[in-house]
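**Student:** File name target_15.cif; file contents mmCIF, C-alpha atoms; full text below.
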```cif
data_work
loop_
_atom_site.label_atom_id
_atom_site.label_comp_id
_atom_site.auth_asym_id
_atom_site.auth_seq_id
_atom_site.Cartn_x
_atom_site.Cartn_y
_atom_site.Cartn_z
CA MET A 7 54.00 80.85 58.16
CA SER A 8 50.23 80.38 57.98
CA ASN A 9 50.38 76.62 57.31
CA LEU A 10 52.40 75.80 60.42
CA LYS A 11 50.57 73.88 63.12
CA PHE A 12 52.53 73.73 66.37
CA LEU A 13 52.48 71.21 69.20
CA ILE A 14 53.80 72.68 72.47
CA VAL A 15 54.94 69.99 74.93
CA ASP A 16 55.68 71.05 78.51
CA ASP A 17 54.48 69.81 81.92
CA SER A 18 54.32 73.42 83.21
CA PRO A 19 50.99 75.09 82.32
CA THR A 20 52.70 78.46 82.79
CA MET A 21 55.41 77.64 80.25
CA ARG A 22 52.87 76.31 77.76
CA ARG A 23 50.95 79.53 78.13
CA ILE A 24 54.11 81.62 77.63
CA VAL A 25 55.16 79.70 74.51
CA PHE A 26 51.55 79.87 73.26
CA ASN A 27 51.44 83.66 73.70
CA THR A 28 54.86 84.08 72.11
CA LEU A 29 53.90 82.01 69.05
CA LYS A 30 50.68 84.00 68.73
CA ARG A 31 52.64 87.21 68.85
CA LEU A 32 54.89 85.90 66.09
CA GLY A 33 51.81 85.33 63.98
CA TYR A 34 51.24 81.60 64.45
CA ASN A 35 47.64 80.76 65.32
CA GLU A 36 47.36 77.01 65.01
CA ILE A 37 48.69 75.61 68.24
CA GLU A 38 48.04 72.39 70.20
CA GLU A 39 49.39 71.51 73.64
CA ALA A 40 50.51 68.43 75.56
CA GLU A 41 51.70 67.89 79.14
CA HIS A 42 54.32 65.25 78.42
CA GLY A 43 55.84 63.13 75.70
CA GLN A 44 53.24 60.38 75.79
CA GLU A 45 50.37 62.84 75.40
CA ALA A 46 52.32 64.50 72.59
CA MET A 47 52.59 61.20 70.71
CA ASP A 48 48.85 60.63 71.21
CA LYS A 49 48.06 64.07 69.80
CA LEU A 50 50.43 63.63 66.85
CA LYS A 51 48.50 60.47 65.97
CA SER A 52 45.03 61.87 66.57
CA ILE A 53 45.21 65.51 65.41
CA PRO A 54 45.94 65.96 61.72
CA GLY A 55 48.29 68.59 60.39
CA ILE A 56 50.73 69.07 63.28
CA ASN A 57 53.98 69.88 61.53
CA PHE A 58 56.20 71.52 64.16
CA VAL A 59 56.97 70.37 67.71
CA VAL A 60 58.27 72.65 70.48
CA THR A 61 59.18 70.51 73.46
CA ASP A 62 60.59 70.82 76.95
CA TRP A 63 63.08 68.18 78.18
CA ASN A 64 62.20 67.57 81.83
CA MET A 65 58.72 66.08 81.98
CA PRO A 66 57.14 63.11 83.77
CA VAL A 67 55.88 59.94 82.06
CA MET A 68 57.90 60.52 78.84
CA ASP A 69 60.53 63.26 78.86
CA GLY A 70 61.53 65.42 75.90
CA LEU A 71 64.53 63.36 74.87
CA GLN A 72 62.44 60.19 74.80
CA LEU A 73 59.80 62.02 72.79
CA VAL A 74 62.39 63.10 70.21
CA GLN A 75 63.67 59.53 69.93
CA GLU A 76 60.11 58.23 69.61
CA ILE A 77 59.24 60.74 66.87
CA ARG A 78 62.43 60.09 64.93
CA SER A 79 61.86 56.34 65.01
CA ASN A 80 58.25 56.64 63.83
CA GLY A 81 57.96 56.53 60.04
CA ASP A 82 54.93 58.87 59.91
CA TYR A 83 56.55 61.73 61.86
CA ALA A 84 60.28 61.10 61.51
CA LYS A 85 60.89 64.30 59.55
CA ILE A 86 58.81 66.66 61.68
CA PRO A 87 60.83 69.70 62.86
CA ILE A 88 61.56 69.59 66.59
CA LEU A 89 62.71 72.54 68.66
CA MET A 90 63.77 71.78 72.22
CA VAL A 91 63.18 74.55 74.78
CA THR A 92 64.70 73.61 78.14
CA THR A 93 66.60 74.73 81.25
CA ARG A 94 69.31 72.14 80.54
CA SER A 95 72.46 73.90 79.36
CA VAL A 96 75.13 71.27 80.00
CA LYS A 97 77.10 70.53 76.80
CA ASP A 98 76.67 66.75 77.09
CA ASP A 99 72.90 67.18 77.24
CA ILE A 100 72.89 69.46 74.20
CA ILE A 101 74.94 67.00 72.18
CA GLU A 102 72.69 64.16 73.32
CA ALA A 103 69.65 66.10 72.08
CA MET A 104 71.39 66.86 68.81
CA LYS A 105 72.21 63.19 68.28
CA ALA A 106 68.64 62.22 69.15
CA GLY A 107 67.51 64.43 66.28
CA VAL A 108 66.36 67.86 67.55
CA ASN A 109 66.62 70.48 64.84
CA ASN A 110 67.49 73.26 67.23
CA TYR A 111 67.81 74.01 70.94
CA ILE A 112 66.83 76.96 73.13
CA VAL A 113 67.79 77.42 76.79
CA LYS A 114 65.25 78.97 79.14
CA PRO A 115 64.61 81.77 79.86
CA PHE A 116 64.28 82.75 76.21
CA THR A 117 63.07 85.84 74.36
CA PRO A 118 60.54 85.95 71.49
CA GLU A 119 63.36 87.03 69.19
CA VAL A 120 65.30 83.85 69.93
CA LEU A 121 62.22 81.66 69.38
CA LYS A 122 61.53 83.36 66.04
CA ALA A 123 65.16 83.05 64.97
CA LYS A 124 65.23 79.31 65.71
CA ILE A 125 61.90 78.64 63.96
CA ASP A 126 63.09 80.57 60.90
CA ALA A 127 66.43 78.74 60.96
CA ILE A 128 64.68 75.37 61.00
CA LEU A 129 62.26 76.30 58.23
CA SER A 130 65.01 77.63 56.01
CA LYS A 131 66.83 74.28 55.95
CA MET B 2 69.47 37.08 116.40
CA SER B 3 66.34 36.37 118.45
CA HIS B 4 68.27 37.55 121.54
CA THR B 5 68.31 41.08 120.14
CA LYS B 6 64.56 41.20 120.62
CA GLN B 7 64.82 40.69 124.36
CA GLY B 8 67.46 43.31 124.37
CA VAL B 9 71.01 43.40 125.45
CA ILE B 10 69.87 44.82 128.82
CA THR B 11 67.93 41.65 129.61
CA ILE B 12 71.04 39.56 128.93
CA ILE B 13 73.11 41.80 131.17
CA GLU B 14 70.48 41.57 133.94
CA SER B 15 70.60 37.80 133.61
CA LEU B 16 74.39 37.92 133.81
CA MET B 17 74.24 40.05 136.98
CA GLU B 18 71.79 37.59 138.50
CA ASP B 19 74.09 34.66 137.71
CA LEU B 20 77.04 36.48 139.21
CA ASN B 21 75.07 37.13 142.39
CA ILE B 22 74.06 33.45 142.55
CA LEU B 23 77.71 32.51 142.07
CA ILE B 24 78.80 34.81 144.86
CA ASP B 25 76.13 33.32 147.14
CA GLU B 26 77.39 29.85 146.28
CA ILE B 27 81.07 30.68 146.72
CA ARG B 28 80.61 32.32 150.12
CA PRO B 29 79.54 29.19 152.04
CA VAL B 30 82.21 27.19 150.29
CA ILE B 31 84.94 29.54 151.35
CA GLU B 32 83.52 29.79 154.84
CA SER B 33 83.30 26.02 155.16
CA ILE B 34 86.73 25.15 153.84
CA GLU B 35 88.77 23.17 156.31
CA PRO B 36 92.48 22.78 155.48
CA THR B 37 92.17 18.94 155.30
CA ASP B 38 88.93 18.83 153.29
CA LEU B 39 90.65 18.96 149.87
CA THR B 40 88.45 16.49 147.97
CA GLN B 41 85.35 18.39 148.88
CA VAL B 42 87.04 21.66 147.93
CA GLN B 43 88.04 20.11 144.56
CA ALA B 44 84.42 19.07 143.90
CA HIS B 45 83.11 22.52 144.78
CA PHE B 46 85.65 24.22 142.55
CA ASP B 47 84.83 21.84 139.63
CA ALA B 48 81.20 22.83 139.97
CA LEU B 49 82.21 26.47 140.13
CA VAL B 50 84.33 26.12 136.97
CA GLU B 51 81.31 24.67 135.10
CA LYS B 52 79.14 27.57 136.24
CA MET B 53 81.83 30.07 135.24
CA LYS B 54 82.07 28.50 131.77
CA GLY B 55 78.35 29.22 131.37
CA LEU B 56 78.96 32.80 132.46
CA THR B 57 81.80 33.12 129.98
CA ASP B 58 79.49 31.98 127.16
CA LYS B 59 76.91 34.58 128.20
CA THR B 60 79.60 37.25 128.43
CA ASN B 61 80.81 36.38 124.93
CA LEU B 62 77.26 36.59 123.61
CA THR B 63 76.78 39.93 125.33
CA TYR B 64 80.04 41.17 123.86
CA GLN B 65 78.91 40.14 120.37
CA LEU B 66 75.57 41.85 120.82
CA ILE B 67 77.21 45.01 122.12
CA GLN B 68 79.53 44.89 119.12
CA VAL B 69 76.47 44.73 116.84
CA VAL B 70 74.97 47.71 118.68
CA ILE B 71 78.24 49.63 118.35
CA ASN B 72 78.41 48.84 114.62
CA SER B 73 74.81 49.97 114.19
CA ILE B 74 75.49 53.18 116.07
CA HIS B 75 78.57 53.76 113.93
CA SER B 76 76.60 53.20 110.71
CA SER B 77 73.81 55.44 111.97
CA ARG B 78 76.19 58.25 112.83
CA SER B 79 77.95 57.93 109.45
CA GLU B 80 74.64 58.18 107.64
CA LEU B 81 73.52 61.09 109.77
CA LYS B 82 76.82 62.87 109.14
CA LYS B 83 76.34 62.41 105.38
CA SER B 84 72.87 63.90 105.70
CA VAL B 85 73.99 66.94 107.64
CA ASP B 86 77.18 67.62 105.65
CA GLY B 87 75.72 66.73 102.27
CA LEU B 88 71.99 66.58 101.79
CA LEU B 89 70.80 69.22 104.22
CA LYS B 90 73.47 71.69 103.14
CA LYS B 91 72.57 71.13 99.49
CA THR B 92 68.90 71.65 100.36
CA GLY B 93 69.80 74.97 101.96
CA VAL B 94 71.72 76.05 98.87
CA GLN B 95 68.84 74.97 96.64
CA LEU B 96 66.33 76.96 98.68
CA LYS B 97 68.58 80.02 98.52
CA LYS B 98 68.67 79.68 94.71
CA ILE B 99 64.89 79.78 94.69
CA THR B 100 64.81 82.97 96.74
CA THR B 101 67.41 84.58 94.46
CA THR B 102 65.49 83.57 91.33
CA THR B 103 62.16 84.91 92.54
CA GLU B 104 63.76 88.13 93.73
CA GLU B 105 65.52 88.76 90.41
CA ALA B 106 62.42 88.01 88.34
CA THR B 107 60.19 90.09 90.60
CA ASN B 108 62.51 93.07 90.35
CA LYS B 109 62.63 92.85 86.56
CA ILE B 110 58.83 92.68 86.42
CA LEU B 111 58.53 95.60 88.82
CA ASP B 112 60.86 97.68 86.61
CA VAL B 113 58.59 97.08 83.63
CA ALA B 114 55.41 97.68 85.63
CA GLU B 115 56.75 101.00 86.96
CA LYS B 116 57.68 102.14 83.46
CA LEU B 117 54.25 101.12 82.11
CA ASP B 118 52.60 103.00 84.94
CA SER B 119 54.45 106.25 84.19
CA GLU B 120 53.85 105.90 80.44
CA GLN B 121 50.08 105.81 80.97
CA LEU B 122 50.14 109.34 82.38
CA ILE B 123 52.04 110.58 79.35
CA ILE B 124 49.52 108.93 77.04
CA ILE B 125 46.67 110.59 78.93
CA GLU B 126 48.38 113.97 78.60
CA LYS B 127 48.77 113.47 74.87
CA LEU B 128 45.13 112.37 74.53
CA ASP B 129 44.05 115.48 76.43
CA SER B 130 46.15 117.63 74.09
CA LEU B 131 44.05 116.38 71.16
CA LYS B 132 41.22 118.59 72.45
CA ASN B 133 43.32 121.55 71.31
CA LYS B 134 42.41 121.96 67.64
CA ASP B 135 45.46 124.13 66.92
CA ILE B 136 48.00 121.34 67.30
CA ASN B 137 49.06 118.70 64.76
CA GLN B 138 46.66 115.93 65.73
CA ASP B 139 48.09 113.35 63.31
CA GLU B 140 51.53 113.72 64.87
CA ILE B 141 50.11 113.30 68.39
CA ILE B 142 48.12 110.24 67.33
CA GLU B 143 51.25 108.66 65.83
CA ASP B 144 53.12 109.44 69.04
CA ILE B 145 50.41 107.76 71.12
CA LYS B 146 50.34 104.72 68.85
CA SER B 147 54.10 104.41 69.09
CA MET B 148 53.90 104.55 72.90
CA VAL B 149 51.11 101.97 72.98
CA TYR B 150 53.13 99.59 70.81
CA LYS B 151 56.15 100.06 73.11
CA ASN B 152 53.93 99.35 76.12
CA GLN B 153 52.63 96.26 74.42
CA ASP B 154 56.24 95.10 74.00
CA ALA B 155 56.86 95.87 77.66
CA ALA B 156 53.81 93.84 78.67
CA PHE B 157 55.19 90.94 76.66
CA THR B 158 58.50 91.31 78.43
CA ILE B 159 56.61 90.65 81.66
CA ILE B 160 55.25 87.46 80.09
CA ASP B 161 58.83 86.44 79.22
CA TYR B 162 60.05 87.13 82.77
CA LEU B 163 57.28 84.89 84.14
CA GLN B 164 59.36 81.96 82.89
CA PHE B 165 60.92 82.20 86.35
CA GLN B 166 57.92 80.24 87.65
CA ASP B 167 58.93 77.17 85.64
CA ILE B 168 62.53 77.55 86.74
CA THR B 169 61.70 77.91 90.46
CA ALA B 170 59.29 74.97 90.22
CA GLN B 171 62.20 72.80 89.04
CA GLN B 172 64.50 74.19 91.73
CA ILE B 173 61.85 73.38 94.35
CA SER B 174 61.54 69.85 92.98
CA GLY B 175 65.30 69.56 93.41
CA ALA B 176 65.02 70.65 97.05
CA TYR B 177 62.18 68.18 97.56
CA ALA B 178 64.31 65.37 96.13
CA LEU B 179 67.08 66.24 98.61
CA LEU B 180 64.61 66.20 101.51
CA SER B 181 63.31 62.87 100.29
CA ASP B 182 66.86 61.46 100.32
CA THR B 183 67.32 62.86 103.83
CA GLU B 184 64.12 61.12 104.89
CA LYS B 185 65.38 57.82 103.45
CA THR B 186 68.57 58.21 105.49
CA LEU B 187 66.56 58.79 108.66
CA ILE B 188 64.41 55.72 107.93
CA TYR B 189 67.59 53.68 107.43
CA VAL B 190 68.99 54.89 110.76
CA SER B 191 65.69 54.25 112.52
CA ASN B 192 65.51 50.72 111.12
CA LEU B 193 69.09 50.01 112.17
CA LEU B 194 68.20 50.85 115.75
CA LYS B 195 64.71 49.26 115.72
CA GLU B 196 66.12 45.77 116.50
CA PHE B 197 67.43 46.99 119.84
CA ASP B 198 64.22 48.76 120.80
CA MET B 199 62.18 47.02 123.50
CA GLY B 200 58.87 48.34 122.18
CA ASP B 201 56.91 47.07 119.20
CA ASP B 202 56.08 50.33 117.48
CA SER B 203 57.79 51.08 114.20
CA HIS B 204 58.20 54.46 112.52
CA ASP B 205 57.56 54.44 108.80
CA PHE B 206 58.02 57.71 107.00
CA THR B 207 56.65 58.15 103.52
CA LEU B 208 56.97 61.21 101.32
CA PRO B 209 55.30 60.95 97.90
CA GLU B 210 57.81 59.95 95.26
CA ILE B 211 58.86 62.53 92.70
CA ASP B 212 59.73 61.57 89.13
CA PRO B 213 63.41 62.47 88.67
CA LYS B 214 62.78 62.93 84.91
CA SER B 215 60.42 65.81 85.55
CA PHE B 216 62.84 68.44 86.84
CA ASN B 217 66.28 69.95 86.44
CA ALA B 218 67.51 70.97 89.89
CA ASP B 219 70.25 73.10 88.27
CA ALA B 220 67.78 75.33 86.38
CA MET B 221 68.84 79.00 86.60
CA PHE B 222 67.05 82.24 85.83
CA LYS B 223 69.64 84.41 84.14
CA ASP B 224 70.49 85.84 80.76
CA LYS B 225 71.38 82.94 78.50
CA GLY B 226 72.58 85.04 75.58
CA ASN B 227 76.18 83.86 75.67
CA ILE B 228 75.33 80.19 76.09
CA GLN B 229 72.61 80.40 73.42
CA ASN B 230 75.16 81.79 70.94
CA LEU B 231 77.47 78.85 71.61
CA ILE B 232 74.59 76.38 71.22
CA ASP B 233 73.69 78.04 67.92
CA ASP B 234 77.31 77.59 66.74
CA LEU B 235 77.16 73.94 67.77
CA PHE B 236 74.00 73.33 65.75
CA GLU B 237 75.16 75.31 62.75
CA THR B 238 78.59 73.76 62.46
CA GLY B 239 78.01 70.36 64.06
CA ASN B 240 81.34 70.93 65.84
CA THR B 241 80.99 69.10 69.17
CA GLN B 242 84.39 70.40 70.32
CA ILE B 243 82.90 73.84 70.98
CA ASP B 244 83.27 74.58 74.67
CA ILE B 245 80.02 75.46 76.43
CA PRO B 246 80.78 76.63 79.98
CA ALA B 247 78.80 75.25 82.90
CA ASP B 248 75.94 77.51 83.80
CA ASN B 249 76.56 77.43 87.55
CA GLU B 250 76.08 80.08 90.11
CA ASP B 251 78.00 79.91 93.36
CA VAL B 252 75.47 80.16 96.13
CA GLU B 253 76.90 80.55 99.59
CA LEU B 254 75.01 79.96 102.77
CA LYS B 255 75.59 82.44 105.55
CA GLU B 256 77.65 80.79 108.30
CA LEU B 257 75.53 80.14 111.35
CA PRO B 258 76.90 79.79 114.87
CA VAL B 259 77.53 76.20 115.96
CA ALA B 260 74.51 74.80 117.77
CA SER B 261 74.96 74.10 121.43
CA LYS B 262 72.67 72.47 123.99
CA ASP B 263 71.77 75.95 125.24
CA ALA B 264 70.79 77.05 121.71
CA VAL B 265 67.64 74.95 121.75
CA ASP B 266 64.70 77.03 122.90
CA ASP B 267 62.32 74.65 124.67
CA ASP B 268 59.47 77.11 124.22
CA PHE B 269 59.90 77.30 120.41
CA ASP B 270 56.93 75.62 118.76
CA ILE B 271 57.87 74.78 115.18
CA ASP B 272 54.42 73.32 114.50
CA ALA B 273 52.91 76.74 115.11
CA LEU B 274 54.75 78.03 112.03
CA PHE B 275 52.89 75.57 109.84
CA LYS B 276 49.42 75.90 111.33
CA ASP B 277 46.66 76.02 108.80
CA ASN B 278 46.20 79.60 107.62
CA LYS B 279 42.46 79.39 108.34
CA GLU B 280 43.25 78.76 111.96
CA LYS B 281 45.70 81.64 112.03
CA SER B 282 43.30 84.06 110.34
CA LYS B 283 40.83 83.76 113.24
CA ASP B 284 43.39 85.54 115.42
CA GLN B 285 44.58 88.00 112.81
CA ALA B 286 43.18 91.53 112.66
CA SER B 287 41.56 92.63 109.43
CA GLN B 288 42.70 95.79 107.65
CA ASP B 289 39.47 97.47 108.85
CA ASP B 290 40.30 96.66 112.48
CA ILE B 291 43.79 98.06 112.04
CA ASP B 292 42.46 101.21 110.32
CA LYS B 293 40.10 101.79 113.29
CA LEU B 294 43.04 101.78 115.67
CA PHE B 295 44.71 104.55 113.70
CA SER B 296 41.67 106.70 112.98
#
```
Could the structure of this file be written out as structure tokens, please?

**Tutor:**
Amino acid sequence: MSNLKFLIVDDSPTMRRIVFNTLKRLGYNEIEEAEHGQEAMDKLKSIPGINFVVTDWNMPVMDGLQLVQEIRSNGDYAKIPILMVTTRSVKDDIIEAMKAGVNNYIVKPFTPEVLKAKIDAILSK
Amino acid sequence: MSHTKQGVITIIESLMEDLNILIDEIRPVIESIEPTDLTQVQAHFDALVEKMKGLTDKTNLTYQLIQVVINSIHSSRSELKKSVDGLLKKTGVQLKKITTTTEEATNKILDVAEKLDSEQLIIIEKLDSLKNKDINQDEIIEDIKSMVYKNQDAAFTIIDYLQFQDITAQQISGAYALLSDTEKTLIYVSNLLKEFDMGDDSHDFTLPEIDPKSFNADAMFKDKGNIQNLIDDLFETGNTQIDIPADNEDVELKELPVASKDAVDDDFDIDALFKDNKEKSKDQASQDDIDKLFS
């Protein structure tokens, strides 16, 4: 748990703050933030040690799906765990995210228990 | 299509003028006709036929231009109908969703806040009871700690409920996108009719563009437990045949009476609703002023 360094990606400052607080409550203290996919890629390249991405889908500039595709096609970060946290609950979208390479998927609004369960599920694999 | 610039009306005025000239020319001819003067009559009528051919050409041109106007009006009305039946109605539904979302979230947060408020009094009572040396202080302290931890959980629940802000922001973006489409329709209609306008002024509307990637207009604030379970099954088994039901909520708009000419209140100033709050506050009484009235 203590060696996890998260990157929260969401264009809503409120949502980033909520995810930040929730991760803190779950005991995770190393957390970075980005407003959209492009900034997330920049931070992955510039900040060492990020090893878990929690991303929204709907964002300007580069959305979450594009970010997932970008990460999975980049040799340096291809295996990084990605958890998508989004309002999109249409089956086609979920399958698209799965095929793009997300490790798990949470629909908003979520509870801390759900976030913990999904992080644990990813780490156990 | 340069004639459209001078307007169909100008063409029709020209046509009327020609007809009047024709009538003025025919009158003396008719009055001067002698029964034996047939050659002269033939010449006059030949000249008349030539003039009438010119009139026919102008009439045809006018007809074509009127046809263009009619087609433009038809297109405009079709587009306007689409806006009213489709876009504006959807905007109304979207705005109602936002109200419902904020109301639900606010009520949930109020429930937690009320519970937290009443728990504080109990904690204070228990703290006061610690002054009594005859009671089991350890037990009371454990009780208080347990209540504080529960209250901490409740406070976090409030944080969770505040996710509604993200959801309503996306719903609002959806409504904005619909208004933007409505504006584009109005611009289209305005441009269709601009060619027939005598004046030079043009009306260009511009709302800032919104990135369609950045929002999900169908975002909903409701318990996602059931859907989350199905998503978990999908990820665990990889079985894409699992059915995940659409997360839709039927939002109905209250039926309003059909607008009539009399329904428009000429004195209603819609701009006044959107006056800058600073301007409004100059006229508004402060709480102190109101308190003085009731003292």

**Student:** Taking all atoms listed in the file into account, name the residue in A:Val15, A:Ile125, A:Val96, A:Ile112 that is nearest to Tyr34 in chain A.

**Tutor:**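 Of all the options, A:Ile125 lies closest to Tyr34 in chain A.
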
**Student:** As a check of understanding, name the residues that the PyMOL selection byres ((chain A and resi 43-55) around 6) selects in the supplied structure, as a PDB file with C-alpha atoms, in the frame of the given file.

**Tutor:**
```
ATOM      1  CA  ALA A  40      50.510  68.430  75.560  1.00  0.00           C
ATOM      2  CA  HIS A  42      54.320  65.250  78.420  1.00  0.00           C
ATOM      3  CA  ILE A  56      50.730  69.070  63.280  1.00  0.00           C
ATOM      4  CA  ASN A  57      53.980  69.880  61.530  1.00  0.00           C
ATOM      5  CA  MET A  68      57.900  60.520  78.840  1.00  0.00           C
ATOM      6  CA  ASP A  69      60.530  63.260  78.860  1.00  0.00           C
ATOM      7  CA  LEU A  73      59.800  62.020  72.790  1.00  0.00           C
TER       8      LEU A  73
END
```

**Student:** May I have the residues of chain A within 6 Å of chain B, counting only C-alpha atoms, written as a list in words?

**Tutor:** Asn64, Met65, Pro66, Thr93 and Lys97 of chain A

**Student:** Would you translate the PyMOL selection byres ((chain B and resi 189) around 12) into the concrete set of residues it matches in this file, as a list in words?

**Tutor:**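 Applied to this file, the PyMOL selection byres ((chain B and resi 189) around 12) returns Ser73, Ile74, Ser76, Ser77, Arg78, Ser79, Glu80, Leu81, Ser84, Asp182, Thr183, Glu184, Lys185, Thr186, Leu187, Ile188, Val190, Ser191, Asn192, Leu193, Leu194, Lys195, His204, Asp205 and Phe206 of chain B.
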
**Student:** With distances taken over all atoms listed in the file, which residue among A:Leu29, A:Leu71, A:Leu10, A:Leu89 lies nearest Ala127 in chain A?

**Tutor:**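 When distances to Ala127 in chain A are compared using all atoms listed in the file, the smallest one comes from A:Leu89.
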
**Student:** At what distance in Å, to one decimal, does CA of Gln172 in chain B lie from CA of Phe116 in chain A?

**Tutor:**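 If I compute the distance from CA of Phe116 in chain A to CA of Gln172 in chain B, I get 17.7 Å.
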
**Student:** Counting all atoms listed in the file, figure out which residue out of A:Val74, A:Arg94, A:Gly107, A:Pro118 gets nearest to Asn27 in chain A.

**Tutor:** A:Pro118

**Student:** Spell out the residues picked by the PyMOL selection byres ((chain A and resi 78) around 12) here, as a PyMOL selection string.

**Tutor:** chain A and resi 47+59+71-77+79-88+103-109

**Student:** Between CA of Arg28 in chain B and CA of Leu16 in chain B, what is the spacing in Å?

**Tutor:**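 Taking CA of Leu16 in chain B and CA of Arg28 in chain B, their separation equals 18.3 Å.
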
**Student:** If I take CA of Val30 in chain B and CA of Phe46 in chain B, how far is one from the other in Å, to one decimal?

**Tutor:**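 Computed distance, CA of Val30 in chain B to CA of Phe46 in chain B, equals 9.0 Å.
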
**Student:** Which residues come within 6 Å of Leu13 in chain A, counting only C-alpha atoms, excluding same-chain residues fewer than 4 positions away, as a list in words?

**Tutor:** Ile37, Glu38, Glu39 and Val59 of chain A

**Student:** Give me the residues near Thr92 in chain A as an MDAnalysis selection string, where near means some atom within 7 Å (using all atoms listed in the file) and where sequence neighbours in that chain fewer than 3 positions away do not count.

**Tutor:** chainID A and resid 62:63 112:114
